[in-house]
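Here the structure comes first, spelled out in structure tokens, and everything after it is commentary.
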Amino acid sequence: AGSYDNQNFQAEPLYEESILLAVPADDPVGIRFKNLALTSQDIKEQLHLKQDVPGISLDLFKDRPFILLKKEHDLYKRAMLLAQEHGFTPVSSVHLNQLMTAFHLARQGLGISLVSDSLVRFCHTDENILYFKLTARNPPLTHRPVFIAHKRNAPVTRAMEVFIETAKEIFLTFPDQLRIL
């Protein structure tokens, strides 16, 4: 998901996902703005995509601990750019490889994290977490494409073709849950 080296890779688009803020349910800032929080059911129903559903600014959380992915990850870059829009750098003592791990650490109350709406839709829990739609001066920062990328100059094997077509068919069977590109 996110970006890729289009000089060396070719992408097969699947769908677009939204970036949300996951905040521990007992976070004081999260509690203060709980009226703007979304549940996983709200996200499954795509309420966060509606124009009239208000978002929240990341700078409200600038003094809170962040759980970030490693620097090479798309969500790390987006977190830095969203924070930069508001003149701060997120404070984080942990940089992880996996989005799911960041999500679970946020659920455990260890900090806030950016998560994808795809992850929220396909997880089966709401406990200990508040979700917020994000506002941004640069709105594309809060959305990203999900795709399958393969080397541009390498042959596409039959197995790769079948995998790509199967993935596209699967995502087309969930049009209410995903925004197909």
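Within each chain, counting starts at residue 1; across the structure tokens, chains are named A, B, ... in the order shown, with ligands numbered 1 upward in that order.
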Long-range neighbours of stretch 62-73 of chain A as a PDB file with N, CA and C atoms, in the first residue's frame, 8 Å cut-off, only C-alpha atoms, 3 positions minimum in chain:
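Ended up saving to selection-v3.pdb:
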```pdb
ATOM      1  N   LEU A  58      -4.411  16.096  13.730  1.00  0.00           N
ATOM      2  CA  LEU A  58      -3.372  15.326  14.412  1.00  0.00           C
ATOM      3  C   LEU A  58      -2.661  16.161  15.475  1.00  0.00           C
ATOM      4  N   ASP A  59      -2.610  17.481  15.293  1.00  0.00           N
ATOM      5  CA  ASP A  59      -1.869  18.306  16.250  1.00  0.00           C
ATOM      6  C   ASP A  59      -2.487  18.309  17.646  1.00  0.00           C
ATOM      7  N   TYR A  76       4.705   5.550   8.073  1.00  0.00           N
ATOM      8  CA  TYR A  76       5.666   6.396   8.794  1.00  0.00           C
ATOM      9  C   TYR A  76       5.801   7.730   8.064  1.00  0.00           C
ATOM     10  N   LYS A  77       5.989   7.654   6.755  1.00  0.00           N
ATOM     11  CA  LYS A  77       6.140   8.879   5.954  1.00  0.00           C
ATOM     12  C   LYS A  77       4.898   9.750   6.045  1.00  0.00           C
ATOM     13  N   ALA A  79       2.724   9.810   8.547  1.00  0.00           N
ATOM     14  CA  ALA A  79       2.670  10.364   9.904  1.00  0.00           C
ATOM     15  C   ALA A  79       3.574  11.586  10.007  1.00  0.00           C
ATOM     16  N   ALA A  83       2.169  15.387  10.626  1.00  0.00           N
ATOM     17  CA  ALA A  83       2.660  16.148  11.781  1.00  0.00           C
ATOM     18  C   ALA A  83       3.353  17.430  11.322  1.00  0.00           C
ATOM     19  N   PHE A  88       5.025  19.940  14.148  1.00  0.00           N
ATOM     20  CA  PHE A  88       5.597  19.124  15.215  1.00  0.00           C
ATOM     21  C   PHE A  88       6.124  17.807  14.658  1.00  0.00           C
ATOM     22  N   THR A  89       6.942  17.149  15.459  1.00  0.00           N
ATOM     23  CA  THR A  89       7.457  15.822  15.132  1.00  0.00           C
ATOM     24  C   THR A  89       6.918  14.863  16.179  1.00  0.00           C
ATOM     25  N   PRO A  90       6.270  13.789  15.755  1.00  0.00           N
ATOM     26  CA  PRO A  90       5.726  12.839  16.739  1.00  0.00           C
ATOM     27  C   PRO A  90       6.818  12.250  17.626  1.00  0.00           C
ATOM     28  N   VAL A  91       6.518  12.122  18.901  1.00  0.00           N
ATOM     29  CA  VAL A  91       7.441  11.500  19.850  1.00  0.00           C
ATOM     30  C   VAL A  91       7.137  10.012  19.874  1.00  0.00           C
ATOM     31  N   SER A  92       8.158   9.217  19.547  1.00  0.00           N
ATOM     32  CA  SER A  92       7.971   7.766  19.525  1.00  0.00           C
ATOM     33  C   SER A  92       9.248   7.076  19.971  1.00  0.00           C
ATOM     34  N   SER A  93       9.086   6.136  20.865  1.00  0.00           N
ATOM     35  CA  SER A  93      10.242   5.359  21.317  1.00  0.00           C
ATOM     36  C   SER A  93      10.256   3.984  20.659  1.00  0.00           C
ATOM     37  N   VAL A  94       9.269   3.730  19.810  1.00  0.00           N
ATOM     38  CA  VAL A  94       9.185   2.426  19.156  1.00  0.00           C
ATOM     39  C   VAL A  94       8.869   2.622  17.677  1.00  0.00           C
ATOM     40  N   HIS A  95       9.587   1.869  16.834  1.00  0.00           N
ATOM     41  CA  HIS A  95       9.355   1.876  15.387  1.00  0.00           C
ATOM     42  C   HIS A  95       9.235   0.415  14.951  1.00  0.00           C
ATOM     43  N   LEU A  96       8.073   0.055  14.472  1.00  0.00           N
ATOM     44  CA  LEU A  96       7.739  -1.344  14.224  1.00  0.00           C
ATOM     45  C   LEU A  96       7.738  -1.703  12.745  1.00  0.00           C
ATOM     46  N   ASN A  97       7.758  -3.003  12.468  1.00  0.00           N
ATOM     47  CA  ASN A  97       7.661  -3.512  11.104  1.00  0.00           C
ATOM     48  C   ASN A  97       6.224  -3.708  10.649  1.00  0.00           C
ATOM     49  N   GLN A  98       5.331  -4.007  11.580  1.00  0.00           N
ATOM     50  CA  GLN A  98       3.985  -4.427  11.218  1.00  0.00           C
ATOM     51  C   GLN A  98       2.914  -3.469  11.734  1.00  0.00           C
ATOM     52  N   LEU A  99       1.993  -3.103  10.850  1.00  0.00           N
ATOM     53  CA  LEU A  99       0.868  -2.258  11.214  1.00  0.00           C
ATOM     54  C   LEU A  99      -0.008  -2.933  12.274  1.00  0.00           C
ATOM     55  N   ALA A 102       1.422  -2.381  15.681  1.00  0.00           N
ATOM     56  CA  ALA A 102       1.175  -1.007  16.139  1.00  0.00           C
ATOM     57  C   ALA A 102      -0.261  -0.868  16.630  1.00  0.00           C
ATOM     58  N   LEU A 105      -0.623  -2.571  20.028  1.00  0.00           N
ATOM     59  CA  LEU A 105       0.017  -1.792  21.094  1.00  0.00           C
ATOM     60  C   LEU A 105      -0.835  -0.572  21.453  1.00  0.00           C
ATOM     61  N   ALA A 106      -1.461   0.042  20.461  1.00  0.00           N
ATOM     62  CA  ALA A 106      -2.390   1.148  20.739  1.00  0.00           C
ATOM     63  C   ALA A 106      -3.571   0.639  21.575  1.00  0.00           C
ATOM     64  N   LEU A 110      -0.484   1.847  24.855  1.00  0.00           N
ATOM     65  CA  LEU A 110       0.920   2.256  24.834  1.00  0.00           C
ATOM     66  C   LEU A 110       1.202   3.462  23.947  1.00  0.00           C
ATOM     67  N   GLY A 111       0.212   3.967  23.248  1.00  0.00           N
ATOM     68  CA  GLY A 111       0.400   5.141  22.394  1.00  0.00           C
ATOM     69  C   GLY A 111      -0.659   5.178  21.323  1.00  0.00           C
ATOM     70  N   ILE A 112      -0.572   6.218  20.486  1.00  0.00           N
ATOM     71  CA  ILE A 112      -1.511   6.338  19.381  1.00  0.00           C
ATOM     72  C   ILE A 112      -0.807   5.941  18.089  1.00  0.00           C
ATOM     73  N   SER A 113      -1.589   5.549  17.095  1.00  0.00           N
ATOM     74  CA  SER A 113      -0.997   5.073  15.847  1.00  0.00           C
ATOM     75  C   SER A 113      -1.908   5.396  14.677  1.00  0.00           C
ATOM     76  N   LEU A 114      -1.311   5.577  13.522  1.00  0.00           N
ATOM     77  CA  LEU A 114      -2.089   5.631  12.299  1.00  0.00           C
ATOM     78  C   LEU A 114      -2.396   4.197  11.900  1.00  0.00           C
TER      79      LEU A 114
END
```
**Study point:** Secondary structure check, strand (DSSP E) residues of chain A, as a ChimeraX atom specification
**Key:** /A:9-24,68-69,95-96,113-116,129-133,143-151,179-180
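Between atom CA of A:Lys151 and atom CA of A:Arg78 the interatomic distance comes to 24.5 Å.
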Exercise for review: Work out how far atom CA of A:Thr135 is from atom CA of A:Ala25, in Å to one decimal.
Suggested key: 20.1 Å
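The smallest atom-to-atom distance between A:His104 and any of A:Ala22, A:Ala37, A:Val53, A:Glu45, using only C-alpha atoms, is found for A:Ala22.
Taking atom CA of A:Leu134 and atom CA of A:Gly55 as the two end points, the separation is 4.8 Å.
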Check your understanding: Using only C-alpha atoms, which residue out of A:Glu127, A:Glu169, A:Asp74, A:Asp26 lies closest to A:Val146?
Key -> A:Asp74
Revision key, fill the gap. Of A:Glu12, A:His48, A:Asp117, A:Gly87, the one nearest to A:Thr166 when counting only C-alpha atoms is A:Glu12
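Among the candidates A:Ala136, A:Val23, A:Val29, A:Leu141, the one nearest to A:Gln108 when counting only C-alpha atoms is A:Val23.
When only C-alpha atoms are used to measure the gap to A:Glu16, the shortest distance among A:Gln84, A:His143, A:Leu49, A:Lys44 belongs to A:His143.
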Review point. Hey, what does DSSP flag as alpha helix (DSSP H) within stretch 18-84 of chain A? Can you give it to me as a PyMOL selection string?
Key: chain A and resi 28-32+40-44+74-84
Exercise for review: Find the residues around A:Ala11 up to 7 Å (only C-alpha atoms counted), leave out those fewer than 6 positions away in its own chain, and share them as a PyMOL selection string.
Suggested key: chain A and resi 147-150
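Nearest to A:Tyr15 of all the residues A:Pro145, A:Gly109, A:Pro140, A:Pro155 is A:Pro145, counting only C-alpha atoms.
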